[in-house]
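Worksheet for the structure shown next.
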Amino acid sequence: MSTYIEDTRKVTTRRLVEMKSRGEKISMLTAYDYTMAKIVDGAGMDVILVGDSASNVMAGNVTTLPMTLDQMIYHAQSVVRGVKRALVVVDMPFGTYQGNSKEALSNAIRIMKETGADCLKLEGGSEIRESIERILTAGIPVMGHLGLTPQSINKFGTYTVRAKDEAEAAKLREDAKLLEEIGCCSMVLEKIPASLATEVSQSLSIPTIGIGAGSGCDGQVLVVHDMLGMNQGFSPRFLRRYADLHHIMTEAIHDYVVDVKAGDFPNANEQY
Ligand code: KIV
């Protein structure tokens, strides 16, 4: 394994902007628990996202909508305990910031106070402007999220690529500018055409982090269970698998079952 992380200072939102301005790509991956966060951080990740995708990969739900504020706080507390260097970003779950900006602020403050995270991520553009602005007034950094926004799956009805038509692409361009103007520190662009993501990334001074949005973004994010190959049933085109942990883990666990059944485990050296 190569050692490529020379800068061991804690990553800040300000440093993400500096990385963009000097053309250094930003690496981001999800984590939801202490042990995984420690591994991801130790491997040199710039940003760790406590995503509400925990709803899918940790809890087995079909969508991210069931995730509660208390559940996100529990996951974020576990992750923060395992991280020394990466910037920790926490998703505000569905229903905690849409509609009422005062509630959005008190929910945001609860996450920051109870977890020690560095930044929050909210899905949407102009519709949630008031909530983002209010959260920013408390000095809480906000990462935006445009394109495919999984909390709106019931409106979209599908997880296919967004902003393919000109009207939706124009709205995304406007929302991206708005998020920058009101003070977001960065934004995720999910599942949009690569040409649009490149254009938006080049038009902004804050970094974009893509997932299924091509190489023109300033950084990339994946769900850790997907890129490690733990999750066999999910294989969209944008996903690169860096390991086949499903196979490795299944074999290891099966070997243990065989050893226990055969009376081979524990052996003389594995007992007191
Ligand atoms: O919840 C999540 O994991 C996310 C990423 C897919 C960006 O929002």
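Order determines the names: the first chain of the structure tokens is A, the second B, and so forth; residues in each chain are numbered 1 upward, and ligands are numbered 1 upward as they are shown.
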
Practice prompt. Could you give me the residues within 7 Å of ligand 1, counting only C-alpha atoms and all ligand atoms, as a list in words?
Written response: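 The neighbouring residues of ligand 1 are, in order, Thr30, Leu49, Gly51, Asp52, Ser53, Ala54, Asp91, Val188, Glu190, Ile211, Val221, Leu222 and Val223 of chain A.
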
Residues at most 10 Å from Leu16 in chain A, counting only C-alpha atoms, excluding those fewer than 2 positions away in the same chain, as a CSV table (one decimal) with N, CA and C atoms, in the first residue's frame?
chain,number,residue,atom,x,y,z
A,11,VAL,N,-8.9,18.0,8.6
A,11,VAL,CA,-9.5,18.7,7.4
A,11,VAL,C,-10.7,19.6,7.8
A,12,THR,N,-10.7,20.8,7.3
A,12,THR,CA,-11.7,21.8,7.6
A,12,THR,C,-12.5,22.1,6.3
A,13,THR,N,-13.6,22.8,6.5
A,13,THR,CA,-14.4,23.2,5.3
A,13,THR,C,-13.6,24.2,4.5
A,14,ARG,N,-12.8,25.0,5.1
A,14,ARG,CA,-12.0,26.0,4.5
A,14,ARG,C,-10.9,25.3,3.6
A,18,GLU,N,-9.7,25.3,-0.4
A,18,GLU,CA,-8.3,25.5,-0.8
A,18,GLU,C,-7.9,24.3,-1.8
A,19,MET,N,-8.4,23.1,-1.4
A,19,MET,CA,-8.1,22.0,-2.3
A,19,MET,C,-8.6,22.2,-3.7
A,20,LYS,N,-9.8,22.7,-3.8
A,20,LYS,CA,-10.4,23.0,-5.1
A,20,LYS,C,-9.5,24.0,-5.8
A,21,SER,N,-9.2,25.0,-5.1
A,21,SER,CA,-8.4,26.1,-5.9
A,21,SER,C,-7.1,25.7,-6.3
A,24,GLU,N,-6.6,20.0,-6.3
A,24,GLU,CA,-6.5,18.7,-5.6
A,24,GLU,C,-7.9,18.1,-5.4
A,25,LYS,N,-8.1,16.9,-5.9
A,25,LYS,CA,-9.4,16.2,-5.8
A,25,LYS,C,-9.7,15.8,-4.3
A,26,ILE,N,-11.0,15.9,-4.0
A,26,ILE,CA,-11.4,15.6,-2.6
A,26,ILE,C,-12.0,14.2,-2.5
A,46,ASP,N,-10.5,12.3,3.0
A,46,ASP,CA,-10.6,13.7,3.4
A,46,ASP,C,-11.9,14.0,4.1
A,47,VAL,N,-13.0,13.4,3.6
A,47,VAL,CA,-14.3,13.7,4.2
A,47,VAL,C,-15.0,12.4,4.5
A,87,LEU,N,-12.8,15.4,7.8
A,87,LEU,CA,-14.0,16.3,8.1
A,87,LEU,C,-15.2,15.4,8.2
A,185,CYS,N,-20.6,25.5,2.0
A,185,CYS,CA,-19.1,25.3,1.8
A,185,CYS,C,-18.8,24.3,0.7
A,186,SER,N,-19.8,23.6,0.2
A,186,SER,CA,-19.5,22.6,-0.9
A,186,SER,C,-20.9,22.0,-1.2
A,206,ILE,N,-16.8,27.1,-4.8
A,206,ILE,CA,-16.8,26.0,-3.7
A,206,ILE,C,-16.8,24.7,-4.4
A,207,PRO,N,-16.3,23.6,-3.7
A,207,PRO,CA,-16.1,22.3,-4.4
A,207,PRO,C,-17.4,21.6,-4.5
A,208,THR,N,-17.5,20.8,-5.6
A,208,THR,CA,-18.6,19.8,-5.8
A,208,THR,C,-18.0,18.4,-5.6
A,218,ASP,N,-15.2,18.2,-8.3
A,218,ASP,CA,-13.9,18.5,-7.5
A,218,ASP,C,-13.6,17.3,-6.5
A,219,GLY,N,-14.5,16.4,-6.3
A,219,GLY,CA,-14.3,15.3,-5.5
A,219,GLY,C,-15.3,14.2,-5.8

Practice prompt. Within 10 Å of Ala170 in chain A, counting only C-alpha atoms, which residues show up once you throw out same-chain ones fewer than 6 positions away? Write them as a list of chain:residue names, please.
Written response: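 Residues meeting the cut-off are A:Ala163, A:Ala176, A:Leu196.
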
Emit the selected residues as a JSON list (two decimals), in the first residue's frame, including C-alpha atoms.
[["chain", "number", "residue", "atom", "x", "y", "z"],
["A", 163, "ALA", "CA", -31.43, 16.89, -14.96],
["A", 176, "ALA", "CA", -25.95, 25.50, -7.36],
["A", 196, "LEU", "CA", -23.59, 19.31, -16.59]]

Worksheet item: Please, which residues of range 45-201 of chain A, numbered as in this document, come out strand (DSSP E or B) from DSSP, as a list in words?
Response: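 Secondary structure check on range 45-201 of chain A, strand (DSSP E or B): Val47, Ile48, Leu49, Val50, Leu87, Val88, Val89, Val90, Asp91, Cys119, Leu120, Lys121, Gly124, Val142, Met143, Gly144, His145, Leu146, Gly147, Ser186, Met187, Val188, Leu189 and Glu190 of chain A.
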
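Here CA of Lys38 in chain A is placed at a distance of 13.0 Å from CA of Val50 in chain A.
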
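With only C-alpha atoms as the atoms that count, the minimum distance from Pro236 in chain A to the choices A:Met249, A:Val161, A:Ala169, A:Met28 is reached by A:Val161.
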
Item to complete: Would you list the contacts of Phe238 in chain A as an MDAnalysis selection string, taking every protein, DNA or RNA residue within 9 Å and counting only C-alpha atoms, but skipping same-chain residues closer than 4 positions in sequence?
Response: chainID A and resid 191 211:214

Discussion item. Which residues are close to Val90 in chain A, i.e. within 12 Å by only C-alpha atoms, leaving aside same-chain residues fewer than 3 positions away? Reply as a ChimeraX atom specification.
Written reply: /A:29-32,47-54,69,71-80,87,93,107-112,114-123,140-144

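Between Glu133 in chain A and the candidates A:Lys102, A:His145, A:Arg162, A:Arg81, the tightest atom-to-atom separation, counting only C-alpha atoms, involves A:Lys102.
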
Discussion item. Taking only C-alpha atoms into account, name the residue in A:Asp41, A:Asn61, A:Gly183, A:Arg85 that is nearest to Thr8 in chain A.
Written reply: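 Answer, going by the shortest atom-to-atom distance: A:Arg85.
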
Fill in: Gap from CA of Gln202 in chain A to CA of Lys177 in chain A - Å, one decimal
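Going from CA of Gln202 in chain A over to CA of Lys177 in chain A covers 11.4 Å.
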